[in-house]
file model_5.cif (mmCIF, C-alpha atoms)
data_input
loop_
_atom_site.label_atom_id
_atom_site.label_comp_id
_atom_site.auth_asym_id
_atom_site.auth_seq_id
_atom_site.Cartn_x
_atom_site.Cartn_y
_atom_site.Cartn_z
CA MET O 1 0.00 0.00 0.00
CA LYS O 2 2.86 2.31 0.98
CA LYS O 3 4.63 1.54 -2.29
CA ALA O 4 1.47 2.35 -4.21
CA ARG O 5 1.15 5.68 -2.41
CA LEU O 6 4.80 6.49 -3.05
CA LEU O 7 4.38 5.59 -6.70
CA THR O 8 1.27 7.77 -6.94
CA LEU O 9 3.13 10.65 -5.25
CA ALA O 10 6.06 10.24 -7.60
CA LEU O 11 3.75 10.29 -10.60
CA CYS O 12 2.05 13.43 -9.29
CA LEU O 13 5.39 15.13 -8.74
CA MET O 14 6.47 14.20 -12.27
CA LEU O 15 3.21 15.57 -13.67
CA MET O 16 3.60 18.79 -11.71
CA PHE O 17 7.18 19.11 -12.94
CA SER O 18 6.05 18.58 -16.54
CA LEU O 19 3.28 21.14 -16.19
CA SER O 20 5.66 23.64 -14.59
CA SER O 21 8.15 23.14 -17.40
CA ALA O 22 5.45 23.58 -20.00
CA LEU O 23 4.14 26.70 -18.32
CA GLY O 24 7.63 28.07 -17.99
CA PHE O 25 8.21 27.55 -21.69
CA ALA O 26 4.94 29.30 -22.54
CA GLN O 27 5.95 32.26 -20.46
CA THR O 28 9.18 32.61 -22.47
CA THR O 29 7.28 32.72 -25.78
CA VAL O 30 6.58 36.33 -26.71
CA HIS O 31 3.19 36.84 -28.34
CA VAL O 32 3.06 39.51 -31.08
CA THR O 33 -0.30 40.39 -32.61
CA VAL O 34 -0.55 42.12 -35.98
CA LEU O 35 -3.81 43.87 -36.90
CA ASN O 36 -4.27 43.46 -40.67
CA SER O 37 -6.49 46.00 -42.44
CA LYS O 38 -5.68 44.76 -45.95
CA GLY O 39 -8.16 41.90 -46.10
CA GLU O 40 -7.16 40.64 -49.54
CA ILE O 41 -3.80 39.43 -48.17
CA GLN O 42 -4.99 37.92 -44.87
CA THR O 43 -4.14 34.38 -45.99
CA GLN O 44 -0.73 35.43 -47.28
CA LEU O 45 0.12 37.26 -44.06
CA GLU O 46 -0.90 34.20 -42.06
CA GLU O 47 1.49 32.11 -44.18
CA ILE O 48 4.25 34.64 -43.55
CA ALA O 49 3.61 34.48 -39.80
CA GLU O 50 3.59 30.67 -39.80
CA HIS O 51 6.95 30.56 -41.55
CA TYR O 52 8.40 33.19 -39.22
CA ASN O 53 7.17 31.33 -36.14
CA ARG O 54 8.79 28.10 -37.36
CA ALA O 55 12.05 29.85 -38.17
CA THR O 56 12.25 31.97 -35.01
CA SER O 57 12.34 30.58 -31.47
CA GLY O 58 10.63 32.23 -28.54
CA VAL O 59 8.09 34.27 -30.49
CA LYS O 60 4.62 33.73 -31.91
CA VAL O 61 3.30 36.21 -34.46
CA GLU O 62 -0.47 36.15 -34.93
CA ILE O 63 -2.32 37.97 -37.73
CA VAL O 64 -5.63 39.47 -36.56
CA PRO O 65 -8.03 40.58 -39.34
CA CYS O 66 -9.76 43.94 -39.18
CA PRO O 67 -13.53 43.27 -39.38
CA VAL O 68 -15.21 44.11 -42.67
CA GLY O 69 -16.97 47.46 -42.44
CA GLN O 70 -14.78 48.77 -39.61
CA SER O 71 -11.96 51.19 -40.42
CA PRO O 72 -8.42 50.44 -39.21
CA PHE O 73 -8.60 53.52 -36.99
CA GLU O 74 -11.87 52.44 -35.38
CA ARG O 75 -10.69 48.87 -34.81
CA THR O 76 -7.35 49.92 -33.35
CA MET O 77 -8.97 52.41 -30.99
CA ALA O 78 -11.49 49.77 -29.88
CA MET O 79 -8.66 47.37 -29.07
CA TYR O 80 -6.85 50.07 -27.08
CA SER O 81 -10.04 50.82 -25.15
CA ALA O 82 -10.43 47.11 -24.35
CA GLY O 83 -6.87 46.95 -23.05
CA ASN O 84 -5.64 44.52 -25.73
CA ALA O 85 -3.99 46.82 -28.24
CA PRO O 86 -2.29 45.01 -31.14
CA THR O 87 1.48 44.90 -30.88
CA ILE O 88 1.58 46.00 -34.52
CA ALA O 89 -1.31 47.81 -36.21
CA MET O 90 -1.70 48.32 -39.97
CA LEU O 91 -3.12 51.81 -40.50
CA ASP O 92 -4.07 54.09 -43.36
CA PRO O 93 -1.57 56.93 -43.91
CA ALA O 94 -3.87 59.68 -42.64
CA ASP O 95 -4.33 57.86 -39.32
CA VAL O 96 -0.67 57.26 -38.40
CA VAL O 97 -0.08 60.62 -36.69
CA ARG O 98 -3.29 60.20 -34.71
CA PHE O 99 -1.48 57.47 -32.77
CA GLN O 100 1.69 59.44 -32.15
CA ASP O 101 1.25 59.29 -28.36
CA LYS O 102 0.81 55.50 -28.45
CA ALA O 103 3.35 54.54 -31.13
CA LEU O 104 6.91 53.39 -30.53
CA ASP O 105 9.73 55.60 -31.79
CA LEU O 106 11.23 53.77 -34.79
CA THR O 107 13.66 56.49 -35.89
CA ALA O 108 16.78 54.43 -35.12
CA GLU O 109 15.70 51.39 -37.14
CA GLN O 110 17.98 50.45 -40.05
CA TRP O 111 15.11 50.34 -42.57
CA VAL O 112 14.53 54.08 -42.08
CA ARG O 113 17.74 54.68 -44.04
CA ASP O 114 16.73 52.20 -46.74
CA ALA O 115 13.20 53.53 -47.29
CA ILE O 116 12.48 54.86 -50.77
CA GLU O 117 12.08 58.58 -51.36
CA ARG O 118 9.07 60.20 -49.65
CA SER O 119 7.79 56.89 -48.25
CA LEU O 120 8.17 58.20 -44.70
CA ASP O 121 6.52 61.59 -45.31
CA ARG O 122 3.24 60.61 -43.65
CA SER O 123 4.83 58.73 -40.74
CA THR O 124 7.38 61.31 -39.66
CA LEU O 125 6.42 63.85 -37.01
CA PRO O 126 7.48 67.54 -37.21
CA ASN O 127 10.27 66.81 -34.71
CA GLY O 128 11.71 64.19 -37.05
CA ARG O 129 10.52 61.16 -35.09
CA VAL O 130 9.54 58.24 -37.33
CA ILE O 131 6.58 56.23 -35.99
CA GLY O 132 5.40 54.29 -39.03
CA PHE O 133 6.85 51.42 -41.07
CA PRO O 134 5.84 51.79 -44.77
CA PHE O 135 4.37 48.43 -45.78
CA THR O 136 2.58 48.68 -49.12
CA VAL O 137 3.43 50.84 -52.11
CA GLU O 138 0.78 51.37 -54.77
CA ALA O 139 0.58 53.51 -57.88
CA TYR O 140 -1.74 54.40 -60.72
CA GLY O 141 -1.83 55.93 -64.16
CA PHE O 142 -2.65 54.74 -67.67
CA ILE O 143 -2.19 50.97 -67.84
CA TYR O 144 -1.33 49.94 -71.39
CA ASN O 145 -1.53 46.57 -73.12
CA LYS O 146 1.87 46.32 -74.79
CA GLN O 147 0.80 43.99 -77.58
CA VAL O 148 -2.02 46.33 -78.62
CA VAL O 149 0.17 49.43 -78.45
CA ASP O 150 3.11 47.79 -80.26
CA LYS O 151 0.78 46.91 -83.12
CA ALA O 152 -0.59 50.47 -83.19
CA VAL O 153 2.83 52.14 -83.43
CA GLY O 154 4.21 49.53 -85.84
CA GLY O 155 7.07 48.41 -83.64
CA LYS O 156 8.29 48.40 -80.06
CA PHE O 157 6.41 51.01 -78.05
CA ASP O 158 8.50 53.27 -75.81
CA PRO O 159 6.44 54.41 -72.77
CA MET O 160 8.85 57.30 -72.27
CA SER O 161 7.65 58.75 -75.59
CA ILE O 162 4.38 59.92 -73.99
CA LYS O 163 5.22 63.22 -72.27
CA THR O 164 2.40 65.54 -73.29
CA THR O 165 -1.34 65.55 -73.85
CA ALA O 166 -0.67 65.83 -77.58
CA ASP O 167 1.53 62.71 -77.42
CA LEU O 168 -1.25 60.87 -75.63
CA GLU O 169 -3.87 61.88 -78.21
CA ALA O 170 -1.58 60.81 -81.04
CA LEU O 171 -1.28 57.39 -79.38
CA PHE O 172 -5.06 57.14 -78.95
CA ARG O 173 -5.47 57.94 -82.63
CA LYS O 174 -2.97 55.26 -83.69
CA ILE O 175 -4.65 52.63 -81.54
CA GLU O 176 -8.05 53.42 -83.04
CA SER O 177 -6.57 53.35 -86.54
CA SER O 178 -5.23 49.85 -85.86
CA GLY O 179 -8.78 48.65 -85.30
CA THR O 180 -8.80 48.57 -81.50
CA GLY O 181 -10.52 50.81 -78.96
CA ALA O 182 -8.15 53.48 -77.62
CA LEU O 183 -9.20 53.37 -73.97
CA VAL O 184 -12.01 52.79 -71.55
CA ILE O 185 -12.86 55.20 -68.71
CA SER O 186 -14.17 53.47 -65.61
CA PRO O 187 -16.68 55.96 -64.15
CA MET O 188 -16.51 54.95 -60.47
CA ASP O 189 -16.52 57.97 -58.16
CA TRP O 190 -13.50 56.70 -56.21
CA SER O 191 -11.42 56.37 -59.37
CA LEU O 192 -12.39 59.77 -60.76
CA GLY O 193 -12.37 61.63 -57.43
CA ALA O 194 -9.61 60.06 -55.34
CA HIS O 195 -7.22 59.18 -58.17
CA PHE O 196 -7.70 61.06 -61.43
CA LEU O 197 -8.58 64.50 -60.04
CA ALA O 198 -5.90 64.07 -57.38
CA VAL O 199 -3.28 64.42 -60.13
CA SER O 200 -4.17 68.12 -60.22
CA TYR O 201 -3.34 68.31 -56.50
CA THR O 202 -0.11 66.36 -56.44
CA THR O 203 1.36 68.25 -59.42
CA GLN O 204 0.99 71.60 -57.62
CA SER O 205 4.40 71.08 -56.02
CA ALA O 206 7.26 68.60 -55.81
CA ASN O 207 7.19 69.10 -52.03
CA SER O 208 4.53 67.89 -49.59
CA SER O 209 4.53 71.30 -47.90
CA GLY O 210 3.63 72.99 -51.19
CA ILE O 211 0.73 70.60 -51.72
CA ASP O 212 -0.49 71.21 -48.16
CA GLU O 213 -0.39 74.97 -48.83
CA PHE O 214 -2.60 74.44 -51.87
CA PHE O 215 -5.08 72.48 -49.76
CA SER O 216 -5.11 75.34 -47.25
CA LYS O 217 -6.00 77.76 -50.05
CA LEU O 218 -8.82 75.48 -51.16
CA ARG O 219 -10.20 75.31 -47.61
CA ASP O 220 -9.94 79.09 -47.26
CA GLY O 221 -11.73 79.65 -50.56
CA LYS O 222 -8.67 81.34 -52.04
CA ALA O 223 -7.88 78.86 -54.83
CA ASN O 224 -9.24 79.63 -58.29
CA LEU O 225 -9.29 76.25 -60.01
CA ALA O 226 -10.65 77.63 -63.27
CA ALA O 227 -7.41 79.59 -63.59
CA ASN O 228 -5.11 76.94 -62.10
CA ARG O 229 -2.59 75.67 -64.63
CA GLN O 230 -2.46 72.10 -63.32
CA PHE O 231 -6.23 71.76 -63.11
CA ILE O 232 -6.73 73.21 -66.60
CA GLY O 233 -4.11 70.89 -68.09
CA LEU O 234 -5.46 67.80 -66.38
CA MET O 235 -8.99 68.51 -67.55
CA ASP O 236 -7.70 69.09 -71.09
CA THR O 237 -6.31 65.55 -70.87
CA PHE O 238 -9.64 64.32 -69.51
CA ASP O 239 -11.46 65.93 -72.44
CA THR O 240 -9.13 64.03 -74.77
CA MET O 241 -9.92 60.82 -72.91
CA LYS O 242 -13.65 61.48 -73.24
CA LYS O 243 -13.22 61.89 -76.99
CA TYR O 244 -11.61 58.44 -77.38
CA ASN O 245 -13.53 56.58 -74.66
CA VAL O 246 -15.11 53.39 -76.03
CA ASP O 247 -18.10 54.12 -73.78
CA LYS O 248 -18.46 57.75 -74.83
CA ASN O 249 -22.06 57.25 -75.97
CA ASP O 250 -23.03 56.12 -72.46
CA PRO O 251 -20.09 57.17 -70.28
CA LEU O 252 -21.60 56.31 -66.89
CA SER O 253 -22.65 52.80 -67.87
CA GLY O 254 -19.27 51.19 -67.32
CA THR O 255 -18.33 49.06 -64.33
CA TYR O 256 -15.01 48.27 -62.72
CA ASP O 257 -15.09 44.71 -64.06
CA ARG O 258 -15.44 45.97 -67.64
CA GLY O 259 -12.02 47.67 -67.54
CA PRO O 260 -9.77 44.65 -66.91
CA GLU O 261 -11.81 42.55 -69.31
CA LEU O 262 -11.42 44.98 -72.22
CA LEU O 263 -7.74 45.64 -71.51
CA GLY O 264 -6.82 42.01 -70.80
CA GLU O 265 -8.55 40.73 -73.92
CA GLY O 266 -6.91 43.41 -76.06
CA LYS O 267 -10.16 45.16 -76.97
CA VAL O 268 -8.73 48.47 -75.75
CA GLY O 269 -5.14 49.59 -75.50
CA ILE O 270 -5.32 51.72 -72.35
CA TRP O 271 -7.19 51.85 -69.03
CA PHE O 272 -6.79 54.42 -66.25
CA MET O 273 -6.34 52.44 -63.02
CA GLY O 274 -3.85 51.28 -60.36
CA ASN O 275 -1.65 48.24 -59.85
CA TRP O 276 -4.22 46.71 -57.49
CA ALA O 277 -6.10 45.73 -60.65
CA TRP O 278 -3.47 43.23 -61.84
CA PRO O 279 -5.28 40.12 -60.48
CA ASN O 280 -8.40 41.28 -62.36
CA ILE O 281 -6.49 41.94 -65.59
CA ASN O 282 -4.69 38.63 -65.26
CA GLU O 283 -8.00 36.78 -65.39
CA PHE O 284 -8.50 37.99 -68.98
CA ASP O 285 -4.86 38.36 -70.03
CA THR O 286 -4.09 37.39 -73.60
CA ALA O 287 -0.95 39.54 -73.84
CA ASN O 288 1.23 37.16 -71.80
CA GLY O 289 1.62 39.63 -68.98
CA GLN O 290 2.91 42.50 -71.10
CA TYR O 291 1.58 45.63 -69.42
CA GLY O 292 2.97 48.83 -67.97
CA PHE O 293 2.14 52.35 -66.80
CA LEU O 294 2.06 55.68 -68.61
CA PRO O 295 1.89 59.02 -66.76
CA VAL O 296 -1.20 61.23 -66.97
CA PRO O 297 0.10 64.36 -68.74
CA ILE O 298 -1.11 67.78 -67.59
CA SER O 299 0.25 69.97 -70.40
CA ASN O 300 1.96 70.06 -73.77
CA ASN O 301 5.30 71.01 -72.26
CA PRO O 302 7.29 67.77 -71.83
CA ASP O 303 9.37 69.36 -69.08
CA ASP O 304 6.43 70.17 -66.79
CA TYR O 305 6.36 68.39 -63.45
CA GLY O 306 3.93 65.49 -63.67
CA ASN O 307 4.24 64.73 -67.37
CA SER O 308 6.86 62.02 -66.84
CA GLN O 309 5.87 60.82 -63.37
CA ILE O 310 3.16 58.61 -61.89
CA PRO O 311 1.62 58.89 -58.41
CA VAL O 312 3.37 56.39 -56.15
CA GLY O 313 2.83 56.15 -52.45
CA VAL O 314 2.56 54.12 -49.31
CA THR O 315 -1.06 53.15 -48.72
CA LYS O 316 -0.54 51.17 -45.50
CA TYR O 317 1.78 51.70 -42.52
CA PHE O 318 2.61 49.57 -39.49
CA ILE O 319 2.94 51.19 -36.07
CA VAL O 320 4.31 49.40 -33.00
CA ASP O 321 2.43 49.87 -29.74
CA ALA O 322 4.40 51.60 -26.97
CA GLU O 323 1.57 51.91 -24.45
CA GLN O 324 0.23 48.44 -23.65
CA SER O 325 2.92 46.13 -25.06
CA THR O 326 5.85 44.86 -23.02
CA GLU O 327 9.45 45.69 -23.91
CA ALA O 328 9.86 42.08 -25.06
CA GLN O 329 6.85 42.39 -27.39
CA GLN O 330 8.14 45.68 -28.76
CA LYS O 331 11.55 44.14 -29.40
CA GLU O 332 10.07 41.12 -31.20
CA ALA O 333 7.77 43.39 -33.21
CA ARG O 334 10.78 45.36 -34.42
CA ASN O 335 12.60 42.10 -35.22
CA PHE O 336 9.65 40.93 -37.31
CA LEU O 337 9.54 44.16 -39.31
CA ASN O 338 13.28 43.97 -39.91
CA TRP O 339 12.88 40.37 -41.09
CA LEU O 340 10.35 41.51 -43.71
CA VAL O 341 12.92 43.98 -45.07
CA TYR O 342 16.25 42.17 -44.76
CA ASP O 343 15.62 38.42 -44.82
CA GLU O 344 15.58 36.84 -48.28
CA LYS O 345 12.64 34.61 -47.40
CA GLY O 346 10.79 37.56 -45.88
CA GLN O 347 11.32 39.60 -49.05
CA GLU O 348 10.12 36.71 -51.25
CA TYR O 349 6.97 36.26 -49.19
CA VAL O 350 6.13 39.96 -49.26
CA VAL O 351 6.81 40.51 -52.98
CA ASN O 352 5.56 37.34 -54.62
CA GLN O 353 3.22 35.76 -52.08
CA ALA O 354 1.44 38.85 -50.77
CA ASN O 355 2.07 40.71 -54.08
CA VAL O 356 3.12 43.77 -52.11
CA ILE O 357 5.52 46.32 -53.58
CA PRO O 358 8.03 47.04 -50.79
CA ALA O 359 9.05 50.56 -49.88
CA PHE O 360 12.74 49.76 -49.45
CA LYS O 361 15.66 50.22 -51.84
CA ASN O 362 17.56 47.19 -50.57
CA VAL O 363 14.88 44.68 -51.60
CA THR O 364 16.17 42.91 -54.70
CA VAL O 365 13.44 40.29 -55.19
CA GLU O 366 11.97 40.86 -58.64
CA PRO O 367 8.17 40.86 -58.71
CA LYS O 368 6.33 38.61 -61.15
CA ASP O 369 3.53 41.16 -61.48
CA PRO O 370 4.21 43.30 -64.62
CA LEU O 371 2.56 46.39 -63.12
CA ALA O 372 4.76 46.13 -60.03
CA LYS O 373 7.79 45.91 -62.31
CA SER O 374 6.68 49.04 -64.15
CA ILE O 375 6.17 50.94 -60.90
CA LEU O 376 9.62 49.97 -59.64
CA GLU O 377 11.16 51.37 -62.83
CA TYR O 378 9.52 54.73 -62.13
CA VAL O 379 10.68 54.56 -58.50
CA MET O 380 14.27 53.69 -59.37
CA ASN O 381 14.37 56.50 -61.95
CA GLY O 382 12.95 59.02 -59.49
CA LYS O 383 9.86 59.55 -61.68
CA THR O 384 7.21 59.66 -58.97
CA LEU O 385 4.50 61.99 -57.71
CA GLU O 386 3.08 61.94 -54.20
CA PHE O 387 0.08 59.62 -53.91
CA MET O 388 -2.69 61.71 -52.28
CA THR O 389 -3.47 59.53 -49.26
CA GLN O 390 -4.40 62.46 -47.00
CA LEU O 391 -7.63 63.50 -48.74
CA PRO O 392 -10.77 63.85 -46.55
CA ALA O 393 -12.77 60.65 -46.14
CA ASP O 394 -15.73 61.83 -48.27
CA HIS O 395 -13.65 63.49 -51.00
CA TRP O 396 -13.91 60.59 -53.44
CA SER O 397 -17.68 60.33 -53.12
CA VAL O 398 -18.55 64.04 -53.22
CA VAL O 399 -15.98 65.27 -55.70
CA GLY O 400 -16.16 61.98 -57.60
CA ALA O 401 -19.85 62.66 -58.20
CA SER O 402 -18.93 66.05 -59.67
CA MET O 403 -16.42 64.35 -61.97
CA GLN O 404 -19.13 61.93 -63.07
CA LYS O 405 -21.37 64.84 -64.00
CA TYR O 406 -18.55 66.36 -66.04
CA LEU O 407 -17.88 63.01 -67.73
CA ALA O 408 -21.55 62.78 -68.69
CA GLY O 409 -21.69 66.38 -69.91
CA ALA O 410 -24.11 67.49 -67.18
CA ILE O 411 -21.83 70.37 -66.12
CA ASP O 412 -19.11 72.32 -67.89
CA ARG O 413 -15.50 73.01 -66.79
CA ASN O 414 -16.41 76.10 -64.73
CA GLY O 415 -19.26 74.24 -63.07
CA LEU O 416 -16.90 71.44 -62.10
CA ALA O 417 -14.38 73.88 -60.66
CA ASP O 418 -17.12 75.59 -58.65
CA GLU O 419 -18.33 72.31 -57.15
CA ILE O 420 -14.82 71.23 -56.19
CA GLU O 421 -14.09 74.60 -54.58
CA ALA O 422 -17.42 74.49 -52.72
CA TYR O 423 -16.58 71.05 -51.33
CA TRP O 424 -13.22 72.20 -49.91
CA SER O 425 -14.47 75.52 -48.53
CA ASN O 426 -17.38 73.78 -46.75
CA LEU O 427 -15.11 71.36 -44.86
CA GLN O 428 -15.38 71.68 -41.11
#
call {"tool": "encode", "arguments": {"input": "model_5.cif", "output": "structure tokens"}}
result
Amino acid sequence: MKKARLLTLALCLMLMFSLSSALGFAQTTVHVTVLNSKGEIQTQLEEIAEHYNRATSGVKVEIVPCPVGQSPFERTMAMYSAGNAPTIAMLDPADVVRFQDKALDLTAEQWVRDAIERSLDRSTLPNGRVIGFPFTVEAYGFIYNKQVVDKAVGGKFDPMSIKTTADLEALFRKIESSGTGALVISPMDWSLGAHFLAVSYTTQSANSSGIDEFFSKLRDGKANLAANRQFIGLMDTFDTMKKYNVDKNDPLSGTYDRGPELLGEGKVGIWFMGNWAWPNINEFDTANGQYGFLPVPISNNPDDYGNSQIPVGVTKYFIVDAEQSTEAQQKEARNFLNWLVYDEKGQEYVVNQANVIPAFKNVTVEPKDPLAKSILEYVMNGKTLEFMTQLPADHWSVVGASMQKYLAGAIDRNGLADEIEAYWSNLQ
């Protein structure tokens, strides 16, 4: 009986020792949560985290999706209020500075020196402190189907040959003459308001401060768009687009899905859109992935700022929590971000699994996506405009509706300028 009790006691002690060891091990594993607000890459980010967790001891990275219908700002604030702030939060550019009192200072990180030009503009405070890691780079402009355009010009098309509105119209004319539609205009308010019209904003100055000054004039009612050189030039280009639009007889009838179908099947040569459309184009691709970007010209002077550049910018940033996370969590969060930038496997996952264009000059992984390749050429050649990520939340819907009216001929150029000015001056 005594032996049985001793054996039972020994077994209990062994079990307690095993449990203690297991608990001790769990306590040494640092848990890092990442709030993901880019839902289309949730699966890819989970795969990245799984690989990182296998390759790195003592840390577990977990990807937490932002609920559909809730903004990254709202979700992050809700998690802070509940006392379980994410170690890393993926935010929209305009929201980064709103977390400046909660975000970890990242100024001393190595990737700050390797970030591409202007990628840290929206995550750097006036005192020079960097609080945001630039995660995704996106761009837009005229996407061209190389096979269609090569046929139209009778040889190998040089995208650098389009530097003016006149050059663009000549290309439209050649495409039509070859028996193909020149371009299709997708009439969504977000495309017309947040992207196309925004070219008139970003070309006001090569410096962010100059663009901000222009916005201040708009808010104060002191900007005369009808007399503004960049606005006039951009709308001249838009008038040219309207003339060659395959949907010109019913310009508001088009849908987003129609654009990639027409371009991918070679029924039009050009479509105004961003690189996020590549998966859609790829579904209809008959050009063997031969596509690229052209700038949206704003004048007939090839030397004017904007005529050789495309809007490129960071559309998502990571911040690291400094308020509710432990020092160990903050350290592991920084290690994870560095791994994304400097580890070969991390780079491969980001570029060709998540199809994200990185914001760092040191990344040498070549993307398979032809639009990403085109964007990187503009970046490496310094041919970029600032992507307007700081526009008010309702800008695309309100001003986009005005652009739709202009596209349909319901208002003239002066009427459009008046409506845009009224929008800005009525902002609270």
call {"tool": "residues_near_point", "arguments": {"input": "model_5.cif", "point": "(-18.1, 61.9, -54.7)", "cutoff": "12 Å", "atoms": "only C-alpha atoms", "output": "ChimeraX atom specification"}}
result
/O:187-195,197,392-405,419-420,423
call {"tool": "write_last_selection", "arguments": {"input": "model_5.cif", "atoms": "C-alpha atoms", "output": "compact mmCIF listing (two decimals), in the frame of the given file"}}
result
# COMPACT_ATOMS: atom_id res chain seq x y z
CA PRO O 187 -16.68 55.96 -64.15
CA MET O 188 -16.51 54.95 -60.47
CA ASP O 189 -16.52 57.97 -58.16
CA TRP O 190 -13.50 56.70 -56.21
CA SER O 191 -11.42 56.37 -59.37
CA LEU O 192 -12.39 59.77 -60.76
CA GLY O 193 -12.37 61.63 -57.43
CA ALA O 194 -9.61 60.06 -55.34
CA HIS O 195 -7.22 59.18 -58.17
CA LEU O 197 -8.58 64.50 -60.04
CA PRO O 392 -10.77 63.85 -46.55
CA ALA O 393 -12.77 60.65 -46.14
CA ASP O 394 -15.73 61.83 -48.27
CA HIS O 395 -13.65 63.49 -51.00
CA TRP O 396 -13.91 60.59 -53.44
CA SER O 397 -17.68 60.33 -53.12
CA VAL O 398 -18.55 64.04 -53.22
CA VAL O 399 -15.98 65.27 -55.70
CA GLY O 400 -16.16 61.98 -57.60
CA ALA O 401 -19.85 62.66 -58.20
CA SER O 402 -18.93 66.05 -59.67
CA MET O 403 -16.42 64.35 -61.97
CA GLN O 404 -19.13 61.93 -63.07
CA LYS O 405 -21.37 64.84 -64.00
CA GLU O 419 -18.33 72.31 -57.15
CA ILE O 420 -14.82 71.23 -56.19
CA TYR O 423 -16.58 71.05 -51.33
call {"tool": "closest_residue", "arguments": {"input": "model_5.cif", "among": "O:Leu35, O:Phe272, O:Lys60, O:Glu46", "to": "Phe336 of chain O", "atoms": "all atoms listed in the file"}}
result
O:Lys60
call {"tool": "axis_aligned_box", "arguments": {"input": "model_5.cif", "around": "segment 36-44 of chain O", "padding_each_side": "4 Å", "output": "lines of an AutoDock Vina configuration file"}}
result
center_x = -4.4
center_y = 40.2
center_z = -45.1
size_x = 15.4
size_y = 19.6
size_z = 16.9
call {"tool": "residues_around", "arguments": {"input": "model_5.cif", "residues": "segment 256-269 of chain O", "least_positions_apart": "6", "cutoff": "7 Å", "atoms": "all atoms listed in the file", "output": "PDB file with C-alpha atoms, in the coordinates of the input"}}
result
ATOM      1  CA  TYR O 144      -1.330  49.940 -71.390  1.00  0.00           C
ATOM      2  CA  ASN O 145      -1.530  46.570 -73.120  1.00  0.00           C
ATOM      3  CA  VAL O 148      -2.020  46.330 -78.620  1.00  0.00           C
ATOM      4  CA  VAL O 149       0.170  49.430 -78.450  1.00  0.00           C
ATOM      5  CA  ILE O 175      -4.650  52.630 -81.540  1.00  0.00           C
ATOM      6  CA  THR O 180      -8.800  48.570 -81.500  1.00  0.00           C
ATOM      7  CA  GLY O 181     -10.520  50.810 -78.960  1.00  0.00           C
ATOM      8  CA  ALA O 182      -8.150  53.480 -77.620  1.00  0.00           C
ATOM      9  CA  LEU O 183      -9.200  53.370 -73.970  1.00  0.00           C
ATOM     10  CA  VAL O 184     -12.010  52.790 -71.550  1.00  0.00           C
ATOM     11  CA  SER O 186     -14.170  53.470 -65.610  1.00  0.00           C
ATOM     12  CA  ASN O 280      -8.400  41.280 -62.360  1.00  0.00           C
ATOM     13  CA  ILE O 281      -6.490  41.940 -65.590  1.00  0.00           C
ATOM     14  CA  ASN O 282      -4.690  38.630 -65.260  1.00  0.00           C
ATOM     15  CA  PHE O 284      -8.500  37.990 -68.980  1.00  0.00           C
ATOM     16  CA  ASP O 285      -4.860  38.360 -70.030  1.00  0.00           C
ATOM     17  CA  THR O 286      -4.090  37.390 -73.600  1.00  0.00           C
TER      18      THR O 286
END
call {"tool": "residues_around", "arguments": {"input": "model_5.cif", "residues": "segment 339-344 of chain O", "least_positions_apart": "6", "cutoff": "9 Å", "atoms": "all atoms listed in the file", "output": "list in words"}}
result
Tyr52, Trp111, Val350, Pro358, Phe360, Asn362, Val363, Thr364 and Val365 of chain O
call {"tool": "atom_distance", "arguments": {"input": "model_5.cif", "atom1": "atom CA of Asn245 of chain O", "atom2": "atom CA of Ser374 of chain O"}}
result
24.0 Å
call {"tool": "closest_residue", "arguments": {"input": "model_5.cif", "among": "O:Val296, O:Phe142, O:Phe318, O:Phe99", "to": "Thr33 of chain O", "atoms": "only C-alpha atoms"}}
result
O:Phe318
call {"tool": "closest_atom_pairs", "arguments": {"input": "model_5.cif", "of": "segment 12-102 of chain O", "to": "segment 376-389 of chain O", "cutoff": "10 Å", "atoms": "all atoms listed in the file", "output": "CSV"}}
result
residue,atom,partner,partner_atom,distance
O:Asp92,CA,O:Thr389,CA,8.0
O:Pro93,CA,O:Thr389,CA,6.2
O:Ala94,CA,O:Thr389,CA,6.6
call {"tool": "atom_distance", "arguments": {"input": "model_5.cif", "atom1": "atom CA of Gln110 of chain O", "atom2": "atom CA of Ile88 of chain O"}}
result
17.9 Å
call {"tool": "atom_distance", "arguments": {"input": "model_5.cif", "atom1": "atom CA of Tyr317 of chain O", "atom2": "atom CA of Val96 of chain O"}}
result
7.3 Å
call {"tool": "closest_residue", "arguments": {"input": "model_5.cif", "among": "O:Lys368, O:Lys373, O:Lys217, O:Lys102", "to": "Glu323 of chain O", "atoms": "only C-alpha atoms"}}
result
O:Lys102
call {"tool": "closest_residue", "arguments": {"input": "model_5.cif", "among": "O:Ala85, O:Ala410, O:Ala417, O:Gln70", "to": "Gly39 of chain O", "atoms": "all atoms listed in the file"}}
result
O:Gln70
call {"tool": "closest_residue", "arguments": {"input": "model_5.cif", "among": "O:Asn275, O:Thr164, O:Ala408, O:Arg98", "to": "Asp236 of chain O", "atoms": "all atoms listed in the file"}}
result
O:Thr164
